[in-house]
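The data block below is input_25.cif; it holds mmCIF, C-alpha atoms.
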data_coords
loop_
_atom_site.label_atom_id
_atom_site.label_comp_id
_atom_site.auth_asym_id
_atom_site.auth_seq_id
_atom_site.Cartn_x
_atom_site.Cartn_y
_atom_site.Cartn_z
CA MET A 1368 141.62 46.54 117.85
CA THR A 1369 138.77 44.19 117.07
CA ALA A 1370 135.17 45.28 117.28
CA ILE A 1371 134.53 42.82 120.14
CA LEU A 1372 137.41 44.24 122.19
CA ARG A 1373 136.16 47.79 121.66
CA ILE A 1374 132.69 46.79 122.82
CA GLN A 1375 134.14 45.10 125.94
CA GLN A 1376 136.17 48.21 126.85
CA ALA A 1377 133.16 50.48 126.34
CA HIS A 1378 131.08 48.21 128.55
CA ARG A 1379 133.69 48.31 131.36
CA PHE A 1380 133.90 52.10 131.12
CA ALA A 1381 130.10 52.42 131.32
CA LEU A 1382 130.07 50.27 134.47
CA LEU A 1383 132.70 52.49 136.09
CA LEU A 1384 130.58 55.58 135.42
CA THR A 1385 127.52 54.09 137.09
CA GLN A 1386 129.23 52.69 140.21
CA PRO A 1387 128.97 54.66 143.48
CA ARG A 1388 132.31 56.12 144.50
CA ARG A 1389 133.78 57.84 147.51
CA ARG A 1390 133.88 61.62 147.48
CA PRO A 1391 137.43 63.04 147.29
CA ARG A 1392 138.04 65.45 150.12
CA GLY A 1393 137.21 69.04 149.28
CA VAL A 1394 135.32 68.29 146.05
CA SER A 1395 131.93 69.98 145.90
CA THR A 1396 128.83 68.33 144.45
CA MET A 1397 126.82 71.56 144.47
CA ALA A 1398 127.20 74.54 142.21
CA ALA A 1399 127.08 77.00 145.11
CA GLN A 1400 128.57 75.48 148.24
CA PRO A 1401 129.51 77.79 151.11
CA SER A 1402 133.26 77.99 151.51
CA THR A 1403 134.97 75.66 153.96
CA GLN A 1404 137.82 76.41 156.33
CA THR A 1405 139.56 73.52 158.08
CA THR A 1406 140.49 75.45 161.19
CA ARG A 1407 138.77 75.24 164.55
CA PRO A 1408 136.40 78.18 165.10
CA GLY A 1409 137.47 80.54 167.85
CA PRO A 1410 135.43 81.33 170.96
CA MET A 1411 131.72 81.58 170.21
CA PRO A 1412 130.60 85.22 169.95
CA ALA A 1413 128.03 86.46 172.41
CA ILE A 1414 124.63 85.99 170.80
CA PRO A 1415 121.06 86.68 171.92
CA ASP A 1416 119.15 83.86 173.59
CA LEU A 1417 117.96 81.26 171.11
CA VAL A 1418 114.34 81.54 170.01
CA VAL A 1419 112.66 78.39 171.31
CA PRO A 1420 109.01 77.35 170.94
CA PRO A 1421 107.11 76.63 174.17
CA HIS A 1422 107.13 72.86 173.67
CA LEU A 1423 110.95 72.88 173.84
CA GLU A 1424 111.20 74.97 177.01
CA ARG A 1425 111.71 71.80 179.09
CA PHE A 1426 115.23 71.64 177.60
CA ASN A 1427 116.05 75.13 178.84
CA GLY A 1428 117.93 73.87 181.89
CA PRO A 1429 121.06 71.87 182.84
CA ALA A 1430 121.36 68.28 181.65
CA GLN A 1431 121.73 66.75 185.11
CA GLU A 1432 118.73 68.69 186.38
CA TYR A 1433 116.68 67.30 183.48
CA ILE A 1434 117.80 63.75 184.27
CA VAL A 1435 116.88 64.07 187.95
CA ARG A 1436 113.57 65.82 187.27
CA HIS A 1437 112.46 63.06 184.89
CA ASN A 1438 113.88 60.27 187.07
CA LYS A 1439 116.08 58.84 184.31
CA PRO A 1440 118.96 56.36 184.87
CA TRP A 1441 121.22 58.10 182.34
CA ASP A 1442 124.82 59.22 182.79
CA GLY A 1443 124.34 62.18 180.49
CA ILE A 1444 122.50 63.79 177.59
CA ALA A 1445 123.73 64.21 174.02
CA VAL A 1446 122.38 66.66 171.44
CA GLY A 1447 122.39 66.88 167.66
CA ALA A 1448 121.30 69.49 165.12
CA LEU A 1449 119.68 69.33 161.71
CA VAL A 1450 120.52 72.40 159.63
CA PHE A 1451 118.58 72.88 156.39
CA SER A 1452 119.40 75.21 153.53
CA PRO A 1453 116.76 77.41 151.84
CA GLU A 1454 116.80 74.82 149.04
CA SER A 1455 115.66 72.14 151.52
CA ARG A 1456 118.97 70.31 151.73
CA VAL A 1457 120.41 69.13 155.02
CA LEU A 1458 123.99 69.58 156.17
CA VAL A 1459 126.00 66.42 156.89
CA ILE A 1460 129.66 66.31 157.91
CA GLN A 1461 132.30 63.62 157.46
CA ARG A 1462 134.31 62.37 160.41
CA ALA A 1463 138.10 62.67 160.17
CA LYS A 1464 140.23 59.70 159.15
CA THR A 1465 142.02 59.85 162.50
CA ASP A 1466 138.85 59.85 164.62
CA SER A 1467 136.60 56.98 165.66
CA LEU A 1468 134.21 55.82 162.92
CA PRO A 1469 136.63 57.29 160.35
CA GLU A 1470 135.16 58.98 157.26
CA LYS A 1471 131.56 58.17 158.15
CA TRP A 1472 128.92 60.87 157.83
CA GLU A 1473 126.87 62.43 160.62
CA ILE A 1474 125.22 65.65 161.81
CA PRO A 1475 126.73 68.16 164.27
CA SER A 1476 126.35 66.54 167.68
CA GLY A 1477 127.99 65.91 171.03
CA VAL A 1478 127.51 65.35 174.76
CA VAL A 1479 126.13 68.15 176.95
CA SER A 1480 128.73 69.28 179.47
CA ASN A 1481 127.88 69.27 183.18
CA ASP A 1482 129.98 72.42 183.57
CA PRO A 1483 127.49 75.34 183.64
CA ALA A 1484 130.18 77.66 182.34
CA ARG A 1485 130.33 75.53 179.19
CA ASP A 1486 126.70 74.41 178.81
CA ALA A 1487 124.28 76.28 181.02
CA THR A 1488 121.35 74.44 179.41
CA ILE A 1489 120.66 71.61 177.00
CA ILE A 1490 119.53 74.20 174.47
CA SER A 1491 122.74 76.22 174.76
CA ALA A 1492 124.72 73.00 174.20
CA VAL A 1493 123.12 72.73 170.73
CA ALA A 1494 124.39 76.21 169.87
CA ARG A 1495 127.86 75.38 171.21
CA GLU A 1496 128.10 72.17 169.16
CA LEU A 1497 127.05 73.99 166.00
CA TRP A 1498 129.72 76.61 166.55
CA GLU A 1499 132.52 74.24 167.56
CA GLU A 1500 131.91 71.65 164.83
CA ILE A 1501 130.90 73.75 161.81
CA GLY A 1502 131.35 77.41 162.81
CA LEU A 1503 127.68 78.35 162.42
CA LEU A 1504 125.76 80.59 164.80
CA ALA A 1505 122.40 79.20 165.89
CA ARG A 1506 119.49 81.62 166.15
CA ALA A 1507 116.51 79.36 166.89
CA LEU A 1508 115.46 75.78 167.52
CA THR A 1509 112.37 74.84 165.53
CA ARG A 1510 111.40 71.35 166.63
CA LEU A 1511 112.54 68.08 168.13
CA VAL A 1512 113.23 65.30 165.61
CA THR A 1513 113.37 61.61 166.46
CA ALA A 1514 113.08 58.25 164.79
CA PRO A 1515 112.46 55.05 166.77
CA ALA A 1516 114.87 52.16 166.45
CA VAL A 1517 113.71 49.32 164.20
CA ILE A 1518 112.98 46.22 166.27
CA GLY A 1519 115.72 43.64 165.82
CA SER A 1520 118.30 46.17 164.61
CA PRO A 1521 121.67 46.73 166.36
CA GLU A 1522 120.32 50.12 167.47
CA SER A 1523 117.37 48.54 169.24
CA GLU A 1524 119.71 46.19 171.09
CA ALA A 1525 121.78 49.18 172.24
CA GLN A 1526 118.69 51.14 173.23
CA LEU A 1527 118.38 50.27 176.89
CA GLN A 1528 114.96 51.79 177.47
CA THR A 1529 112.16 53.36 175.52
CA GLU A 1530 112.09 57.15 175.29
CA ALA A 1531 109.30 58.88 173.41
CA ASP A 1532 111.31 61.69 171.84
CA GLY A 1533 114.97 60.84 172.42
CA PHE A 1534 117.24 57.92 171.62
CA VAL A 1535 118.79 56.07 174.54
CA PHE A 1536 122.13 54.39 173.81
CA SER A 1537 125.24 53.11 175.54
CA ASN A 1538 128.79 54.18 174.78
CA SER A 1539 131.21 51.95 172.90
CA THR A 1540 132.45 50.29 176.09
CA ARG A 1541 128.91 49.80 177.46
CA THR A 1542 129.90 51.62 180.65
CA LYS A 1543 127.67 54.69 180.31
CA VAL A 1544 124.17 55.42 179.08
CA PHE A 1545 123.10 58.60 177.27
CA CYS A 1546 119.95 59.95 175.70
CA ARG A 1547 120.34 61.93 172.48
CA TYR A 1548 117.91 64.67 171.52
CA VAL A 1549 118.10 66.07 167.98
CA PHE A 1550 116.70 69.49 167.10
CA GLU A 1551 116.10 71.26 163.82
CA ALA A 1552 118.10 74.48 164.14
CA ASP A 1553 117.93 77.78 162.27
CA VAL A 1554 121.29 79.50 161.75
CA GLU A 1555 122.50 82.84 160.48
CA ALA A 1556 122.45 83.21 156.72
CA LEU A 1557 125.15 81.30 154.86
CA VAL A 1558 127.46 83.04 152.39
CA PRO A 1559 127.25 85.25 150.38
CA GLY A 1560 126.96 87.91 153.02
CA GLY A 1561 126.71 85.33 155.79
CA GLN A 1562 128.66 82.56 157.44
CA HIS A 1563 131.38 80.22 156.24
CA ILE A 1564 131.40 76.60 157.31
CA ARG A 1565 134.52 75.94 159.35
CA LEU A 1566 135.48 72.38 160.21
CA ASN A 1567 137.83 71.30 162.96
CA PRO A 1568 140.22 68.98 161.03
CA CYS A 1569 140.79 66.87 164.15
CA GLU A 1570 137.12 65.90 164.08
CA HIS A 1571 135.69 66.42 160.58
CA GLN A 1572 137.17 66.65 157.12
CA ASP A 1573 134.32 67.42 154.72
CA PHE A 1574 130.68 68.45 154.39
CA LEU A 1575 127.75 68.09 151.99
CA TRP A 1576 124.32 69.63 151.51
CA VAL A 1577 122.14 66.63 150.74
CA SER A 1578 118.56 66.19 149.47
CA GLU A 1579 115.93 63.94 151.01
CA GLU A 1580 116.27 61.41 148.19
CA GLU A 1581 120.06 61.37 148.56
CA ILE A 1582 119.73 60.76 152.31
CA ARG A 1583 117.41 57.83 151.65
CA ASP A 1584 119.64 56.26 148.98
CA GLY A 1585 123.04 57.15 150.47
CA ILE A 1586 124.11 58.24 146.97
CA VAL A 1587 124.77 61.93 146.25
CA GLY A 1588 124.67 63.87 143.00
CA GLU A 1589 125.14 62.98 139.36
CA GLU A 1590 128.59 61.68 140.29
CA LYS A 1591 126.86 58.93 142.36
CA LEU A 1592 129.02 59.64 145.40
CA GLU A 1593 128.48 57.17 148.23
CA ILE A 1594 127.98 58.44 151.77
CA ASP A 1595 128.13 56.00 154.68
CA PHE A 1596 126.36 57.22 157.84
CA THR A 1597 127.45 56.46 161.38
CA SER A 1598 124.25 54.43 161.82
CA LYS A 1599 121.07 53.46 159.99
CA HIS A 1600 119.18 55.06 162.85
CA LEU A 1601 120.73 58.46 162.05
CA GLN A 1602 119.80 58.02 158.39
CA ARG A 1603 116.17 57.35 159.39
CA LEU A 1604 116.19 60.31 161.78
CA ILE A 1605 117.33 62.72 159.06
CA SER A 1606 114.59 61.40 156.77
CA GLU A 1607 112.09 62.04 159.57
CA GLY A 1608 113.38 65.63 159.74
CA PHE A 1609 112.50 66.10 156.07
CA ARG A 1610 109.02 64.63 156.66
CA LEU A 1611 108.33 66.98 159.57
CA ARG A 1612 109.38 69.98 157.47
CA ARG A 1613 107.01 68.92 154.68
CA ASP A 1614 104.14 68.48 157.12
CA SER A 1615 104.87 71.88 158.68
CA CYS A 1616 104.84 73.58 155.26
CA SER A 1617 101.55 71.86 154.37
CA LEU A 1618 99.92 73.11 157.57
CA ARG A 1619 101.05 76.68 156.90
CA GLU A 1620 99.73 76.55 153.33
CA ASN A 1621 96.33 75.34 154.53
#

Could you rewrite the structure in this file as structure tokens?
Amino acid sequence: MTAILRIQQAHRFALLLTQPRRRPRGVSTMAAQPSTQTTRPGPMPAIPDLVVPPHLERFNGPAQEYIVRHNKPWDGIAVGALVFSPESRVLVIQRAKTDSLPEKWEIPSGVVSNDPARDATIISAVARELWEEIGLLARALTRLVTAPAVIGSPESEAQLQTEADGFVFSNSTRTKVFCRYVFEADVEALVPGGQHIRLNPCEHQDFLWVSEEEIRDGIVGEEKLEIDFTSKHLQRLISEGFRLRRDSCSLREN
């Protein structure tokens, strides 16, 4: 083999090592990931009422009651949850190949049910979504997190009206309008001695604990694994969650 050929092969190999790549299912990028089970969690155990700060008490009621009280033209309310680890990493989950938006990354979220037996309040819907999608028990909601749509973006075109602390959007068929509220949620301690993350394989196939920088870049770990979010708006919202946590820590320190 000539020296030139060896140099060319080494150059190609170096390029492969630096290119972002998709994360194989089930491969961890952290030294101490909680274990994952790909079985749907069972019925949610009875837990005490969530600890909620006073400024979130307005969500402590049914979704339709909230819509009527605030005179909103929405068909429903959606909720999402940001869960942070003690190491200040956020949990993101990957949609299943067989679901809509296959293999894209998101946070635990869903539409609040109008059935009071299922979701008595908007707040309780957050706890239900956390249990059903990742098998974690919520204990408290810390704050509301939002990020406005960037003017001229696809999200701003879908946002049918301005909402100060939620994101108004239409469904894929443009037949219904929802407002999504995202909360930072505290959960019971993760393993060891705590909870295991359990994914419903019909909905999600993988999870990651991701740093603020990795959220911003969409590239995770030394392996340069590429994560593609369901929307740029969600990516900005998660970044806003990190900023709010930093500001909160700064206030406590002062």

May I have the residues within 6 Å of segment 1472-1475 of chain A as a list in words, using all atoms listed in the file and disregarding those fewer than 5 positions away in the same chain?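 Listing them by chain and then by number gives Gly1447, Ala1448, Val1459, Ile1460, Gln1461, Asp1595, Phe1596 and Thr1597 of chain A.
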
Explicit residues for the PyMOL selection byres ((chain A and resi 1423-1430) around 6) (as a ChimeraX atom specification): /A:1420-1422,1431-1433,1487-1490

Find the residues around segment 1434-1444 of chain A up to 9 Å (only C-alpha atoms counted), leave out those fewer than 3 positions away in its own chain, and share them as a compact mmCIF listing (two decimals) with C-alpha atoms, keeping the file's coordinate frame.
# COMPACT_ATOMS: atom_id res chain seq x y z
CA PRO A 1429 121.06 71.87 182.84
CA ALA A 1430 121.36 68.28 181.65
CA GLN A 1431 121.73 66.75 185.11
CA GLY A 1477 127.99 65.91 171.03
CA VAL A 1478 127.51 65.35 174.76
CA VAL A 1479 126.13 68.15 176.95
CA SER A 1480 128.73 69.28 179.47
CA ASN A 1481 127.88 69.27 183.18
CA ILE A 1489 120.66 71.61 177.00
CA VAL A 1535 118.79 56.07 174.54
CA LYS A 1543 127.67 54.69 180.31
CA VAL A 1544 124.17 55.42 179.08
CA PHE A 1545 123.10 58.60 177.27
CA CYS A 1546 119.95 59.95 175.70
CA ARG A 1547 120.34 61.93 172.48
CA TYR A 1548 117.91 64.67 171.52

Which polymer residues have any atom within 10 Å of an atom of Pro1453 of chain A, counting only C-alpha atoms, with same-chain residues fewer than 4 positions away left out, as a ChimeraX atom specification? /A:1457,1556-1557

Give me, please, the distance in Å between atom CA of Thr1465 of chain A and atom CA of Glu1500 of chain A, quoted to one decimal.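 Atom CA of Glu1500 of chain A lies at a distance of 15.7 Å from atom CA of Thr1465 of chain A.
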
Rounded to one decimal place, report the atom CA of Trp1498 of chain A-atom CA of Asp1553 of chain A distance in Å. 12.6 Å

Which value, in Å to one decimal, gives the distance between atom CA of Arg1612 of chain A and atom CA of Ile1594 of chain A? 22.6 Å

Specify as a PyMOL selection string each residue included when the PyMOL selection byres ((chain A and resi 1551) around 12) is applied to this file. chain A and resi 1419-1420+1423+1446-1452+1457-1458+1474-1476+1490+1493-1494+1497+1505-1513+1548-1550+1552-1554+1604-1605+1607-1609+1611-1612

Nearest residue to Cys1569 of chain A from the set A:Arg1462, A:Arg1456, A:Asp1416, A:Gly1502 (distances using all atoms listed in the file):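 The answer is A:Arg1462, which sits nearest to Cys1569 of chain A.
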
Would you mind telling me which residue in A:Ala1445, A:Ser1455, A:Arg1495, A:Arg1583 lies nearest to Ala1413 of chain A when using only C-alpha atoms?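 Using only C-alpha atoms, the shortest distance to Ala1413 of chain A belongs to A:Arg1495.
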
Surrounding residues of Ser1606 of chain A excluding itself and chain neighbours under 3 positions, 7 Å, all atoms listed in the file, as a ChimeraX atom specification: /A:1579,1582-1583,1602-1603,1609-1610

For His1563 of chain A, which of A:Leu1504, A:Gly1585, A:Cys1616, A:Arg1541 is the closest residue, counting all atoms listed in the file?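 Ranking A:Leu1504, A:Gly1585, A:Cys1616, A:Arg1541 by distance to His1563 of chain A, first place goes to A:Leu1504.
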